[in-house]
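K.L.:
My file is target-v9.cif. It has mmCIF, C-alpha atoms and all ligand atoms:
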```cif
data_my_file
loop_
_atom_site.label_atom_id
_atom_site.label_comp_id
_atom_site.auth_asym_id
_atom_site.auth_seq_id
_atom_site.Cartn_x
_atom_site.Cartn_y
_atom_site.Cartn_z
CA MET A 70 -75.63 5.89 240.73
CA ARG A 71 -78.91 4.20 241.50
CA LEU A 72 -81.65 5.99 243.39
CA LEU A 73 -81.15 3.39 246.12
CA THR A 74 -77.76 5.01 246.72
CA HIS A 75 -79.29 8.48 246.64
CA ASN A 76 -81.70 7.24 249.31
CA MET A 77 -78.75 6.19 251.52
CA LEU A 78 -76.66 9.38 251.20
CA SER A 79 -76.81 12.49 253.36
CA SER A 80 -74.74 15.64 253.37
CA ASN A 81 -71.76 14.93 255.63
CA ILE A 82 -70.60 18.52 256.08
CA LYS A 83 -69.77 19.48 259.64
CA GLY A 84 -72.62 21.27 261.38
CA VAL A 85 -75.33 20.33 258.86
CA THR A 86 -78.40 18.96 260.65
CA ASN A 87 -80.82 18.53 257.73
CA GLY A 88 -78.62 16.84 255.17
CA PHE A 89 -81.25 14.51 253.72
CA PRO A 90 -82.38 14.08 251.02
CA LEU A 91 -79.77 15.54 248.71
CA ARG A 92 -81.21 17.46 245.78
CA ILE A 93 -80.44 15.93 242.41
CA GLU A 94 -78.90 18.00 239.60
CA ILE A 95 -79.13 16.16 236.32
CA GLU A 96 -76.81 16.26 233.34
CA LYS A 97 -77.27 12.70 232.16
CA VAL A 98 -79.57 9.84 233.21
CA VAL A 99 -79.18 6.30 231.93
CA GLU A 100 -81.40 3.25 232.33
CA LYS A 101 -79.87 -0.17 232.86
CA PRO A 102 -82.10 -3.24 233.04
CA VAL A 103 -81.79 -5.33 236.21
CA ASP A 104 -83.30 -8.77 236.92
CA PHE A 105 -86.60 -8.40 238.77
CA ASN A 106 -86.45 -9.81 242.29
CA PRO A 107 -89.63 -9.28 244.37
CA GLU A 108 -88.06 -10.83 247.47
CA PHE A 109 -85.23 -8.29 247.42
CA LEU A 110 -87.68 -5.43 246.88
CA ARG A 111 -89.84 -6.47 249.84
CA ASN A 112 -86.69 -6.71 252.00
CA MET A 113 -85.53 -3.29 250.85
CA PHE A 114 -88.84 -1.49 251.17
CA PRO A 115 -88.74 -0.94 254.96
CA LYS A 116 -85.21 0.47 254.66
CA ILE A 117 -86.24 3.12 252.10
CA GLU A 118 -87.30 6.69 252.85
CA TRP A 119 -90.30 6.56 250.59
CA LYS A 120 -90.95 10.25 250.07
CA ALA A 121 -87.32 10.86 249.14
CA LEU A 122 -87.50 8.08 246.55
CA VAL A 123 -90.75 9.36 245.05
CA ASN A 124 -89.29 12.87 244.68
CA ALA A 125 -85.92 11.65 243.40
CA ALA A 126 -87.63 9.52 240.74
CA ARG A 127 -89.79 12.47 239.78
CA SER A 128 -86.79 14.73 239.39
CA MET A 129 -85.39 12.12 237.00
CA GLY A 130 -88.62 12.21 234.99
CA TYR A 131 -90.25 9.04 236.39
CA VAL A 132 -93.64 9.86 237.88
CA GLU A 133 -95.23 6.41 238.32
CA LEU A 134 -94.53 5.86 242.03
CA PRO A 135 -97.52 6.32 244.38
CA GLU A 136 -97.21 8.84 247.22
CA GLU A 137 -98.49 6.36 249.80
CA VAL A 138 -97.87 2.64 250.06
CA GLU A 139 -100.17 0.30 252.00
CA PRO A 140 -98.69 -2.96 253.31
CA SER A 141 -100.85 -4.90 250.83
CA THR A 142 -99.38 -2.88 247.93
CA LEU A 143 -96.12 -4.74 248.50
CA TYR A 144 -97.75 -7.80 246.92
CA SER A 145 -98.88 -6.00 243.79
CA GLU A 146 -96.71 -7.03 240.83
CA ASP A 147 -97.48 -3.76 239.12
CA PHE A 148 -96.28 -1.72 242.09
CA LEU A 149 -93.16 -3.86 242.57
CA HIS A 150 -92.15 -3.36 238.94
CA LYS A 151 -92.39 0.40 239.35
CA PHE A 152 -90.48 0.31 242.63
CA HIS A 153 -87.84 -1.91 240.96
CA HIS A 154 -87.44 0.49 238.06
CA ALA A 155 -87.11 3.59 240.25
CA LEU A 156 -84.84 2.02 242.84
CA LEU A 157 -82.44 0.04 240.63
CA GLU A 158 -82.72 0.84 236.93
CA LEU A 159 -82.57 4.63 236.81
CA HIS A 160 -79.00 5.87 237.14
CA LEU A 161 -77.68 9.37 237.58
CA GLU A 162 -74.65 9.09 235.31
CA GLU A 163 -73.51 12.73 235.30
CA GLY A 164 -74.66 15.58 237.52
CA ALA A 165 -74.50 16.43 241.19
CA LEU A 166 -76.06 15.88 244.59
CA VAL A 167 -76.71 19.12 246.42
CA CYS A 168 -76.78 19.61 250.19
CA PRO A 169 -80.28 20.88 251.03
CA GLU A 170 -78.94 23.06 253.84
CA THR A 171 -75.77 24.64 252.46
CA GLY A 172 -76.14 24.23 248.70
CA ARG A 173 -72.73 22.51 248.51
CA ARG A 174 -72.52 20.38 245.36
CA PHE A 175 -71.20 16.82 245.45
CA PRO A 176 -70.34 15.99 241.84
CA VAL A 177 -71.43 12.72 240.25
CA SER A 178 -69.18 11.59 237.43
CA LYS A 179 -69.39 8.28 235.55
CA GLY A 180 -72.15 7.38 237.98
CA ILE A 181 -69.90 7.82 241.03
CA PRO A 182 -70.69 10.46 243.65
CA ASN A 183 -67.75 12.24 245.22
CA MET A 184 -68.54 12.81 248.90
CA LEU A 185 -64.99 13.83 249.88
CA LEU A 186 -64.98 16.95 252.03
CA HIS A 187 -62.61 19.92 252.00
CA GLU A 188 -60.56 20.45 255.13
CA ASP A 189 -62.80 23.22 256.46
CA GLU A 190 -65.92 21.05 256.09
CA VAL A 191 -64.82 18.14 258.28
CA MET B 12 -73.97 -23.38 241.70
CA SER B 13 -70.86 -21.64 240.44
CA SER B 14 -68.31 -20.31 242.86
CA ARG B 15 -66.57 -18.03 240.44
CA ILE B 16 -64.41 -15.23 241.72
CA ALA B 17 -62.89 -12.24 239.92
CA GLN B 18 -60.35 -13.15 237.25
CA ILE B 19 -57.05 -11.34 237.45
CA ARG B 20 -56.91 -10.78 233.70
CA LEU B 21 -60.23 -8.91 233.90
CA VAL B 22 -59.22 -6.75 236.86
CA SER B 23 -58.63 -3.20 235.71
CA SER B 24 -55.64 -1.18 236.92
CA HIS B 25 -54.19 2.30 237.33
CA PRO B 26 -50.71 3.34 238.52
CA GLU B 27 -52.20 4.87 241.69
CA VAL B 28 -54.52 2.00 242.58
CA TYR B 29 -53.56 -0.96 244.79
CA GLU B 30 -53.27 -4.15 242.73
CA PRO B 31 -54.69 -7.40 244.09
CA CYS B 32 -52.03 -8.90 246.31
CA ASP B 33 -51.61 -11.69 248.90
CA ASP B 34 -53.90 -9.85 251.31
CA SER B 35 -56.64 -9.48 248.68
CA PHE B 36 -56.34 -13.17 247.74
CA ALA B 37 -56.48 -14.25 251.39
CA LEU B 38 -59.64 -12.21 251.93
CA VAL B 39 -61.35 -13.74 248.90
CA ASP B 40 -60.19 -17.20 250.00
CA ALA B 41 -61.87 -16.57 253.35
CA LEU B 42 -65.10 -15.54 251.59
CA LEU B 43 -64.93 -18.71 249.51
CA ALA B 44 -64.28 -20.83 252.58
CA ASP B 45 -67.34 -19.26 254.19
CA ARG B 46 -69.42 -19.45 251.02
CA THR B 47 -72.04 -21.91 252.32
CA ASN B 48 -72.69 -19.71 255.34
CA LEU B 49 -72.83 -16.59 253.18
CA LEU B 50 -75.43 -18.15 250.90
CA GLN B 51 -77.55 -19.26 253.87
CA HIS B 52 -77.15 -15.81 255.38
CA GLN B 53 -79.02 -14.29 252.40
CA PRO B 54 -77.64 -10.80 252.81
CA THR B 55 -79.65 -7.92 251.36
CA LEU B 56 -76.96 -5.21 251.61
CA CYS B 57 -73.22 -5.83 251.32
CA LEU B 58 -70.52 -3.18 251.67
CA GLU B 59 -66.81 -3.04 250.96
CA LEU B 60 -64.66 -0.32 252.52
CA GLY B 61 -61.57 0.58 250.47
CA CYS B 62 -62.34 -1.35 247.27
CA GLY B 63 -59.08 -0.53 245.41
CA SER B 64 -59.06 -2.46 242.12
CA GLY B 65 -62.48 -4.00 242.80
CA TYR B 66 -61.09 -7.53 243.04
CA VAL B 67 -62.80 -8.27 246.36
CA ILE B 68 -66.24 -6.69 245.82
CA THR B 69 -66.43 -8.31 242.37
CA SER B 70 -65.60 -11.68 243.89
CA LEU B 71 -68.15 -11.18 246.67
CA ALA B 72 -70.83 -10.31 244.11
CA LEU B 73 -69.95 -13.43 242.11
CA ILE B 74 -70.00 -15.63 245.22
CA VAL B 75 -73.20 -14.31 246.82
CA GLY B 76 -75.04 -13.47 243.61
CA GLN B 77 -77.12 -10.59 242.35
CA ALA B 78 -79.97 -11.12 244.80
CA ALA B 79 -78.05 -8.81 247.13
CA HIS B 80 -77.17 -5.16 246.65
CA TYR B 81 -73.52 -4.10 246.80
CA ILE B 82 -71.93 -0.81 247.78
CA ALA B 83 -68.19 -0.10 247.70
CA THR B 84 -66.28 2.97 248.84
CA ASP B 85 -62.74 4.22 248.45
CA ILE B 86 -61.04 7.48 249.35
CA ASN B 87 -59.00 7.30 246.14
CA PRO B 88 -60.98 8.63 243.12
CA HIS B 89 -59.00 6.43 240.71
CA ALA B 90 -59.85 3.33 242.73
CA VAL B 91 -63.62 3.70 242.44
CA LYS B 92 -63.27 4.19 238.66
CA VAL B 93 -61.05 1.14 238.32
CA THR B 94 -63.51 -0.85 240.45
CA ARG B 95 -66.33 0.16 238.13
CA GLU B 96 -64.35 -1.22 235.17
CA THR B 97 -63.54 -4.45 237.00
CA LEU B 98 -67.20 -4.97 237.93
CA GLU B 99 -68.33 -4.30 234.35
CA ALA B 100 -65.78 -6.71 232.93
CA HIS B 101 -67.35 -9.43 235.10
CA GLY B 102 -70.95 -8.44 234.37
CA VAL B 103 -71.83 -7.63 238.00
CA HIS B 104 -72.89 -4.39 239.66
CA ALA B 105 -71.97 -2.50 242.80
CA GLU B 106 -72.73 1.09 243.68
CA LEU B 107 -69.54 3.11 244.11
CA ILE B 108 -68.91 6.09 246.31
CA ASN B 109 -65.75 8.14 246.52
CA THR B 110 -65.59 8.90 250.22
CA ASN B 111 -63.65 8.63 253.46
CA ILE B 112 -64.64 5.21 254.90
CA THR B 113 -68.46 5.64 254.84
CA SER B 114 -68.83 9.38 255.28
CA GLY B 115 -72.24 10.41 253.91
CA LEU B 116 -73.71 6.93 254.38
CA GLU B 117 -73.60 6.64 258.15
CA LYS B 118 -76.96 8.18 258.96
CA ARG B 119 -79.10 6.19 256.57
CA LEU B 120 -77.17 2.91 256.47
CA LYS B 121 -77.15 2.54 260.24
CA GLY B 122 -78.06 -1.03 261.18
CA LEU B 123 -78.85 -2.02 257.59
CA VAL B 124 -75.71 -3.76 256.33
CA ASP B 125 -75.58 -7.57 256.46
CA VAL B 126 -72.00 -8.08 255.26
CA ILE B 127 -68.99 -5.75 255.44
CA VAL B 128 -65.65 -6.71 253.90
CA VAL B 129 -62.49 -4.71 254.39
CA ASN B 130 -58.83 -5.03 253.55
CA PRO B 131 -57.67 -1.87 255.29
CA PRO B 132 -54.37 0.00 255.06
CA TYR B 133 -52.69 -2.02 257.82
CA VAL B 134 -48.94 -1.43 257.46
CA PRO B 135 -47.30 0.32 260.42
CA THR B 136 -46.04 3.70 259.17
CA PRO B 137 -45.41 7.18 260.52
CA GLU B 138 -48.75 8.78 261.36
CA ASP B 139 -48.44 11.54 258.77
CA GLU B 140 -48.43 9.03 255.91
CA VAL B 141 -52.00 7.96 256.63
CA GLY B 142 -54.61 9.18 254.16
CA ARG B 143 -52.17 10.97 251.88
CA GLU B 144 -53.18 11.28 248.27
CA GLY B 145 -52.33 8.49 245.88
CA ILE B 146 -51.17 4.95 246.33
CA ALA B 147 -49.59 5.40 249.81
CA SER B 148 -53.03 5.60 251.41
CA ALA B 149 -53.57 2.02 250.22
CA TRP B 150 -51.24 0.62 252.87
CA ALA B 151 -50.20 3.39 255.29
CA GLY B 152 -51.77 2.44 258.62
CA GLY B 153 -50.03 4.69 261.14
CA GLU B 154 -48.95 3.47 264.57
CA ASN B 155 -49.10 -0.36 264.69
CA GLY B 156 -51.03 -0.07 261.42
CA ARG B 157 -54.11 0.62 263.52
CA THR B 158 -55.10 4.20 262.63
CA VAL B 159 -57.60 3.41 259.87
CA ILE B 160 -58.61 0.05 261.42
CA ASP B 161 -59.54 1.80 264.66
CA ARG B 162 -61.80 4.16 262.70
CA ILE B 163 -63.37 1.30 260.74
CA LEU B 164 -64.35 -0.82 263.77
CA PRO B 165 -66.88 1.60 265.36
CA VAL B 166 -68.23 2.52 261.91
CA SER B 167 -68.83 -1.16 261.14
CA ASP B 168 -70.51 -1.71 264.50
CA ASN B 169 -72.83 1.18 263.69
CA LEU B 170 -73.71 -0.02 260.17
CA LEU B 171 -74.04 -3.76 260.72
CA SER B 172 -77.55 -5.18 260.98
CA LYS B 173 -78.50 -7.48 263.84
CA LYS B 174 -77.39 -10.45 261.78
CA GLY B 175 -74.45 -8.54 260.28
CA TRP B 176 -70.98 -9.97 259.66
CA LEU B 177 -67.63 -8.24 259.23
CA TYR B 178 -64.68 -9.80 257.41
CA MET B 179 -61.40 -7.96 257.96
CA VAL B 180 -57.75 -8.44 257.04
CA THR B 181 -55.19 -7.90 259.78
CA LEU B 182 -51.47 -8.18 260.15
CA THR B 183 -49.81 -9.65 263.24
CA GLU B 184 -48.35 -6.21 264.00
CA ASN B 185 -51.93 -4.85 264.30
CA ASN B 186 -52.39 -7.02 267.41
CA PRO B 187 -55.42 -8.97 266.18
CA LEU B 188 -56.05 -10.51 269.62
CA GLN B 189 -56.51 -7.06 271.07
CA ILE B 190 -58.84 -6.15 268.17
CA CYS B 191 -60.95 -9.26 268.87
CA LEU B 192 -61.13 -8.51 272.58
CA GLN B 193 -62.11 -4.93 271.84
CA MET B 194 -64.88 -6.15 269.52
CA ARG B 195 -65.97 -8.65 272.16
CA GLU B 196 -66.69 -5.74 274.47
CA LYS B 197 -69.08 -4.47 271.81
CA GLY B 198 -70.77 -7.87 271.72
CA TYR B 199 -69.00 -9.56 268.82
CA ALA B 200 -67.67 -13.06 268.59
CA SER B 201 -64.81 -13.61 266.18
CA ARG B 202 -62.95 -16.33 264.38
CA ILE B 203 -59.87 -16.46 262.21
CA LEU B 204 -60.97 -17.92 258.89
CA VAL B 205 -57.67 -17.76 257.07
CA GLN B 206 -54.19 -17.44 258.36
CA ARG B 207 -51.40 -16.82 255.87
CA LEU B 208 -47.66 -16.53 256.10
CA THR B 209 -46.19 -14.78 253.10
CA GLU B 210 -42.57 -13.83 252.60
CA GLU B 211 -43.10 -10.48 254.27
CA GLU B 212 -46.28 -10.71 256.29
CA ASN B 213 -48.34 -12.79 258.70
CA LEU B 214 -51.90 -12.14 257.64
CA GLN B 215 -55.18 -13.11 259.28
CA ILE B 216 -58.70 -12.85 257.92
CA ILE B 217 -61.03 -12.43 260.88
CA LYS B 218 -64.79 -12.78 260.80
CA PHE B 219 -66.85 -10.90 263.41
CA TRP B 220 -70.53 -11.46 264.20
CA ARG B 221 -72.87 -10.33 266.92
CA ASP B 222 -72.87 -12.96 269.58
CA SER B 223 -75.79 -13.17 271.97
CA ASP B 224 -73.65 -14.72 274.73
CA SER B 225 -71.11 -11.95 274.86
CA GLN B 226 -73.79 -9.29 274.39
CA VAL B 227 -75.74 -10.55 277.37
CA ALA B 228 -72.51 -10.75 279.32
CA GLU B 229 -71.77 -7.17 278.47
CA LYS B 230 -75.23 -5.90 279.37
CA GLU B 231 -75.21 -7.64 282.71
CA ASN B 232 -71.65 -6.57 283.20
CA LYS B 233 -70.61 -10.16 283.63
CA THR B 234 -67.61 -11.76 282.10
CA VAL B 235 -67.97 -13.88 279.01
CA PRO B 236 -68.62 -17.55 279.86
CA ALA B 237 -65.28 -19.20 280.41
CA LYS B 238 -65.88 -21.89 277.82
CA VAL B 239 -66.56 -19.40 275.05
CA MET B 240 -63.52 -17.39 275.99
CA GLU B 241 -61.35 -20.46 276.12
CA SER B 242 -62.24 -21.63 272.63
CA PHE B 243 -61.85 -18.10 271.35
CA LEU B 244 -58.40 -17.73 272.84
CA SER B 245 -57.24 -21.17 271.78
CA GLN B 246 -56.81 -20.06 268.19
CA PHE B 247 -54.29 -17.56 269.41
CA HIS B 248 -52.37 -20.25 271.26
CA ILE B 249 -52.11 -22.29 268.09
CA PHE B 250 -50.51 -19.32 266.40
CA PRO B 251 -48.46 -17.71 269.20
CA PHE B 252 -47.33 -14.85 266.97
CA LEU B 253 -50.95 -13.72 266.69
CA ARG B 254 -50.61 -12.23 270.10
CA GLY B 255 -48.55 -9.61 268.39
CA SER B 256 -45.70 -9.43 270.86
CA ASN B 257 -42.36 -8.76 269.23
CA ASN B 258 -40.23 -10.17 272.01
CA ASP B 259 -41.66 -13.65 271.75
CA SER B 260 -38.71 -15.96 272.22
CA SER B 261 -40.42 -19.04 270.78
C1 LIG C 1 -54.90 -2.62 251.10
S1 LIG C 1 -55.86 -1.74 249.89
C2 LIG C 1 -57.11 -2.95 249.50
C3 LIG C 1 -57.70 -2.80 248.12
C4 LIG C 1 -58.66 -3.93 247.71
N1 LIG C 1 -59.82 -4.00 248.58
C5 LIG C 1 -57.94 -5.24 247.73
O1 LIG C 1 -58.19 -6.02 248.68
O2 LIG C 1 -57.15 -5.52 246.82
C6 LIG C 1 -56.71 -0.53 250.89
C7 LIG C 1 -57.68 0.37 250.13
O3 LIG C 1 -58.33 1.24 251.08
C8 LIG C 1 -58.41 2.55 250.56
N2 LIG C 1 -58.48 3.48 251.69
C9 LIG C 1 -57.48 3.87 252.52
N3 LIG C 1 -57.94 4.73 253.44
C10 LIG C 1 -59.27 4.88 253.21
C11 LIG C 1 -60.31 5.64 253.82
N4 LIG C 1 -60.07 6.44 254.86
N5 LIG C 1 -61.55 5.56 253.29
C12 LIG C 1 -61.81 4.77 252.22
N6 LIG C 1 -60.87 4.03 251.61
C13 LIG C 1 -59.62 4.08 252.09
C14 LIG C 1 -57.16 2.69 249.71
O4 LIG C 1 -57.31 3.73 248.76
C15 LIG C 1 -57.03 1.30 249.10
O5 LIG C 1 -57.70 1.21 247.88
#
```
What is this file in structure tokens?
Ligand SMILES: C[S@@+](CC[C@H](N)C(=O)[O-])C[C@H]1O[C@@H](n2cnc3c(N)ncnc32)[C@H](O)[C@@H]1O
P.N.:
Amino acid sequence: MRLLTHNMLSSNIKGVTNGFPLRIEIEKVVEKPVDFNPEFLRNMFPKIEWKALVNAARSMGYVELPEEVEPSTLYSEDFLHKFHHALLELHLEEGALVCPETGRRFPVSKGIPNMLLHEDEV
Amino acid sequence: MSSRIAQIRLVSSHPEVYEPCDDSFALVDALLADRTNLLQHQPTLCLELGCGSGYVITSLALIVGQAAHYIATDINPHAVKVTRETLEAHGVHAELINTNITSGLEKRLKGLVDVIVVNPPYVPTPEDEVGREGIASAWAGGENGRTVIDRILPVSDNLLSKKGWLYMVTLTENNPLQICLQMREKGYASRILVQRLTEEENLQIIKFWRDSDSQVAEKENKTVPAKVMESFLSQFHIFPFLRGSNNDSS
């Protein structure tokens, strides 16, 4: 699971109002190289919750992302490479995503999060 | 440029996962037929609902290329694993999520998805067969095969970006004309890209896109311009059975 996916997931449990971002519990992280595509990154940037990405990357041990991003930063190669690495190359392979409100764990196995709810959570 | 699609011999399998079938092939044929438009469309985010073996999302990734990001969901935990294997065997990547339609993604993905593809469980069955564990959930569609489809349509409307497109498989028994009219009320134009008669089924692959004409018509509470409506309906006259009536004497 890429951090891009983490950035798009919220706790879907009935009644939860603050389900984003999910906390990351790590058992295993892997890195997989991806072709660098600045165009894609600039298209994705406005869709990303930046703070959630910075914190998620940090929890995975990657601390290079800046807290604040100015519009001009989006043309810095150096910044784009860091964004690229955090967004696409870091994978949570084994672990869990945890609902910030209820503490419910959504397991991640073989890089695939299981967001299926129990009957009493729907 | 190559227009490779997934190769059957590289598609992984599992006894409880739907194998690529006529419906899967028809959907990929429709994507291939629309390839030029898809490439011009330059989607950033693409999503498949109910990825099964991964045949379709792998093909989409091969057709559109790795400049886009792919997400695929399935309610069946075996299916997402098999899809991962199929993707890896073809050297492409999609993010996989084991979930009910798009549960967990709806808040953040709202209005962000440029292409949605779906081959839903469309076979008319008793209602209580829908969403059961295992392989039955791959086809069981409830009354008129519409139970899961009718959940997917509003979800897709919510997730599609302004330029977003939806490609969906339907069966004549699903009443595709009614589906298109229903989507028209939400501001979508539609077109049948592929129409296939197999031994057992009449399948259609329908493409939906936001249409400014019908959206304006809806906002102003006017009817859709007659010309647009006429050309839209004409495809259903060519294939009378698409109207989904069982008592058609023709
Ligand atoms: C007809 S199969 C299509 C599989 C594959 N996309 C293909 O074309 O070969 C339908 C798929 O949808 C999945 N499915 C059924 N109900 C679902 C739901 N509520 N949410 C997510 N996936 C679902 C099934 O598990 C199955 O894999």
K.L.:
Using only C-alpha atoms, what table do you get, as CSV, when you list each residue of segment 96-178 of chain A with an atom no more than 10 Å from segment 79-95 of chain B, its nearest pair of atoms, and their distance in Å rounded to one decimal, rows by chain then rising number?
P.N.:
```
residue,atom,partner,partner_atom,distance
A:Asn106,CA,B:Ala79,CA,9.7
A:Phe109,CA,B:Ala79,CA,7.2
A:Met113,CA,B:His80,CA,9.5
A:Leu157,CA,B:His80,CA,9.5
A:Ser178,CA,B:Lys92,CA,9.5
```
K.L.:
Save the residues we just selected, C-alpha atoms, as a compact mmCIF listing (two decimals), in the frame of the given file?
P.N.:
```
# COMPACT_ATOMS: atom_id res chain seq x y z
CA ASN A 106 -86.45 -9.81 242.29
CA PHE A 109 -85.23 -8.29 247.42
CA MET A 113 -85.53 -3.29 250.85
CA LEU A 157 -82.44 0.04 240.63
CA SER A 178 -69.18 11.59 237.43
```
K.L.:
Taking all listed atoms of ligand LIG 1 (chain C), build the axis-aligned box, pad each of the six sides by 5 Å, then write its centre and edge lengths in Å to one decimal as AutoDock Vina command-line options.
P.N.:
```
--center_x -58.4 --center_y 0.2 --center_z 250.8 --size_x 16.9 --size_y 22.5 --size_z 18.0
```
K.L.:
Rounded to one decimal, what separation in Å do you get between atom CA of His25 of chain B and atom CA of Leu72 of chain A?
P.N.:
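A separation of 28.4 Å between them.
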K.L.:
Could you build a table of the residues in chain B lying no more than 9 Å from ligand LIG 1 (chain C), giving for each the nearest pair of atoms and their separation in Å rounded to one decimal place, using only C-alpha atoms and all ligand atoms, ordered by chain and ascending residue number, as a Markdown table?
P.N.:
```
| residue | atom | partner | partner_atom | distance |
| --- | --- | --- | --- | --- |
| B:Glu27 | CA | C:LIG1 | O4 | 8.8 |
| B:Val28 | CA | C:LIG1 | O5 | 6.2 |
| B:Tyr29 | CA | C:LIG1 | O5 | 5.6 |
| B:Glu30 | CA | C:LIG1 | O2 | 5.8 |
| B:Pro31 | CA | C:LIG1 | O2 | 4.1 |
| B:Cys32 | CA | C:LIG1 | O2 | 6.2 |
| B:Asp33 | CA | C:LIG1 | O2 | 8.5 |
| B:Asp34 | CA | C:LIG1 | O1 | 6.3 |
| B:Ser35 | CA | C:LIG1 | O1 | 3.8 |
| B:Phe36 | CA | C:LIG1 | O1 | 7.4 |
| B:Ala37 | CA | C:LIG1 | O1 | 8.8 |
| B:Leu38 | CA | C:LIG1 | O1 | 7.1 |
| B:Val39 | CA | C:LIG1 | O1 | 8.3 |
| B:Glu59 | CA | C:LIG1 | N1 | 7.4 |
| B:Leu60 | CA | C:LIG1 | N6 | 5.8 |
| B:Gly61 | CA | C:LIG1 | O3 | 3.4 |
| B:Cys62 | CA | C:LIG1 | N1 | 3.9 |
| B:Gly63 | CA | C:LIG1 | O5 | 3.3 |
| B:Ser64 | CA | C:LIG1 | C4 | 5.8 |
| B:Gly65 | CA | C:LIG1 | C4 | 6.2 |
| B:Tyr66 | CA | C:LIG1 | O2 | 5.8 |
| B:Val67 | CA | C:LIG1 | O1 | 5.6 |
| B:Ile68 | CA | C:LIG1 | N1 | 7.5 |
| B:Thr84 | CA | C:LIG1 | C12 | 5.9 |
| B:Asp85 | CA | C:LIG1 | N6 | 3.7 |
| B:Ile86 | CA | C:LIG1 | C12 | 4.0 |
| B:Asn87 | CA | C:LIG1 | O4 | 4.7 |
| B:Pro88 | CA | C:LIG1 | O4 | 8.3 |
| B:His89 | CA | C:LIG1 | O4 | 8.7 |
| B:Ala90 | CA | C:LIG1 | O5 | 6.0 |
| B:Val91 | CA | C:LIG1 | O5 | 8.4 |
| B:Asn109 | CA | C:LIG1 | C12 | 7.7 |
| B:Thr110 | CA | C:LIG1 | C12 | 5.9 |
| B:Asn111 | CA | C:LIG1 | N5 | 3.7 |
| B:Ile112 | CA | C:LIG1 | N5 | 3.5 |
| B:Thr113 | CA | C:LIG1 | N5 | 7.1 |
| B:Ser114 | CA | C:LIG1 | N5 | 8.5 |
| B:Val128 | CA | C:LIG1 | N1 | 8.3 |
| B:Val129 | CA | C:LIG1 | N1 | 6.4 |
| B:Asn130 | CA | C:LIG1 | C2 | 4.9 |
| B:Pro131 | CA | C:LIG1 | C6 | 4.7 |
| B:Pro132 | CA | C:LIG1 | C1 | 4.8 |
| B:Tyr133 | CA | C:LIG1 | C1 | 7.1 |
| B:Val134 | CA | C:LIG1 | C1 | 8.8 |
| B:Val141 | CA | C:LIG1 | N3 | 7.5 |
| B:Gly142 | CA | C:LIG1 | N3 | 5.6 |
| B:Arg143 | CA | C:LIG1 | N3 | 8.6 |
| B:Glu144 | CA | C:LIG1 | O4 | 8.6 |
| B:Gly145 | CA | C:LIG1 | O4 | 7.5 |
| B:Ile146 | CA | C:LIG1 | O4 | 6.7 |
| B:Ala147 | CA | C:LIG1 | O4 | 8.0 |
| B:Ser148 | CA | C:LIG1 | C9 | 4.9 |
| B:Ala149 | CA | C:LIG1 | C14 | 3.7 |
| B:Trp150 | CA | C:LIG1 | C1 | 5.2 |
| B:Ala151 | CA | C:LIG1 | C9 | 7.8 |
| B:Gly152 | CA | C:LIG1 | N3 | 8.4 |
| B:Val159 | CA | C:LIG1 | N4 | 6.4 |
| B:Arg162 | CA | C:LIG1 | N4 | 8.3 |
| B:Ile163 | CA | C:LIG1 | N4 | 8.5 |
| B:Val180 | CA | C:LIG1 | O1 | 8.7 |
```
K.L.:
Grab the atom CA of Arg221 of chain B to atom CA of Lys174 of chain B distance for me, in Å with one decimal place.
P.N.:
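According to the coordinates, atom CA of Arg221 of chain B and atom CA of Lys174 of chain B are separated by 6.8 Å.
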K.L.:
Residues at most 9 Å from Ile93 of chain A, counting only C-alpha atoms, excluding those fewer than 5 positions away in the same chain, as a ChimeraX atom specification?
P.N.:
/A:75,125,128-129,161,164-167
K.L.:
Residues of chain B that have any atom at most 6 Å from an atom of chain A: could you tabulate them with the shortest-distance atom pair and the distance in Å to one decimal, using all atoms listed in the file, ordered by chain and increasing number, as a Markdown table?
P.N.:
```
| residue | atom | partner | partner_atom | distance |
| --- | --- | --- | --- | --- |
| B:Leu107 | CA | A:Ile181 | CA | 5.6 |
| B:Ile108 | CA | A:Pro182 | CA | 5.4 |
| B:Asn109 | CA | A:Asn183 | CA | 4.7 |
| B:Thr110 | CA | A:Leu185 | CA | 5.0 |
| B:Gly115 | CA | A:Asn81 | CA | 4.9 |
| B:Leu116 | CA | A:Leu78 | CA | 5.0 |
| B:Arg119 | CA | A:Met77 | CA | 5.1 |
```
K.L.:
One number please: atom CA of Tyr131 of chain A to atom CA of Leu98 of chain B, in Å, one decimal.
P.N.:
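Between these atoms lies a distance of 27.0 Å.
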K.L.:
Between B:Asn185, B:Ser23, B:Thr158, B:Asn48, single out the one closest to Glu99 of chain B, counting all atoms listed in the file.
P.N.:
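Checking each of B:Asn185, B:Ser23, B:Thr158, B:Asn48 against Glu99 of chain B, counting all atoms listed in the file, the winner is B:Ser23.
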K.L.:
From the list A:Tyr144, A:Trp119, A:Phe114, A:Phe152, which residue is nearest Leu123 of chain B when using only C-alpha atoms?
P.N.:
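Closest to Leu123 of chain B, using only C-alpha atoms: A:Phe114.
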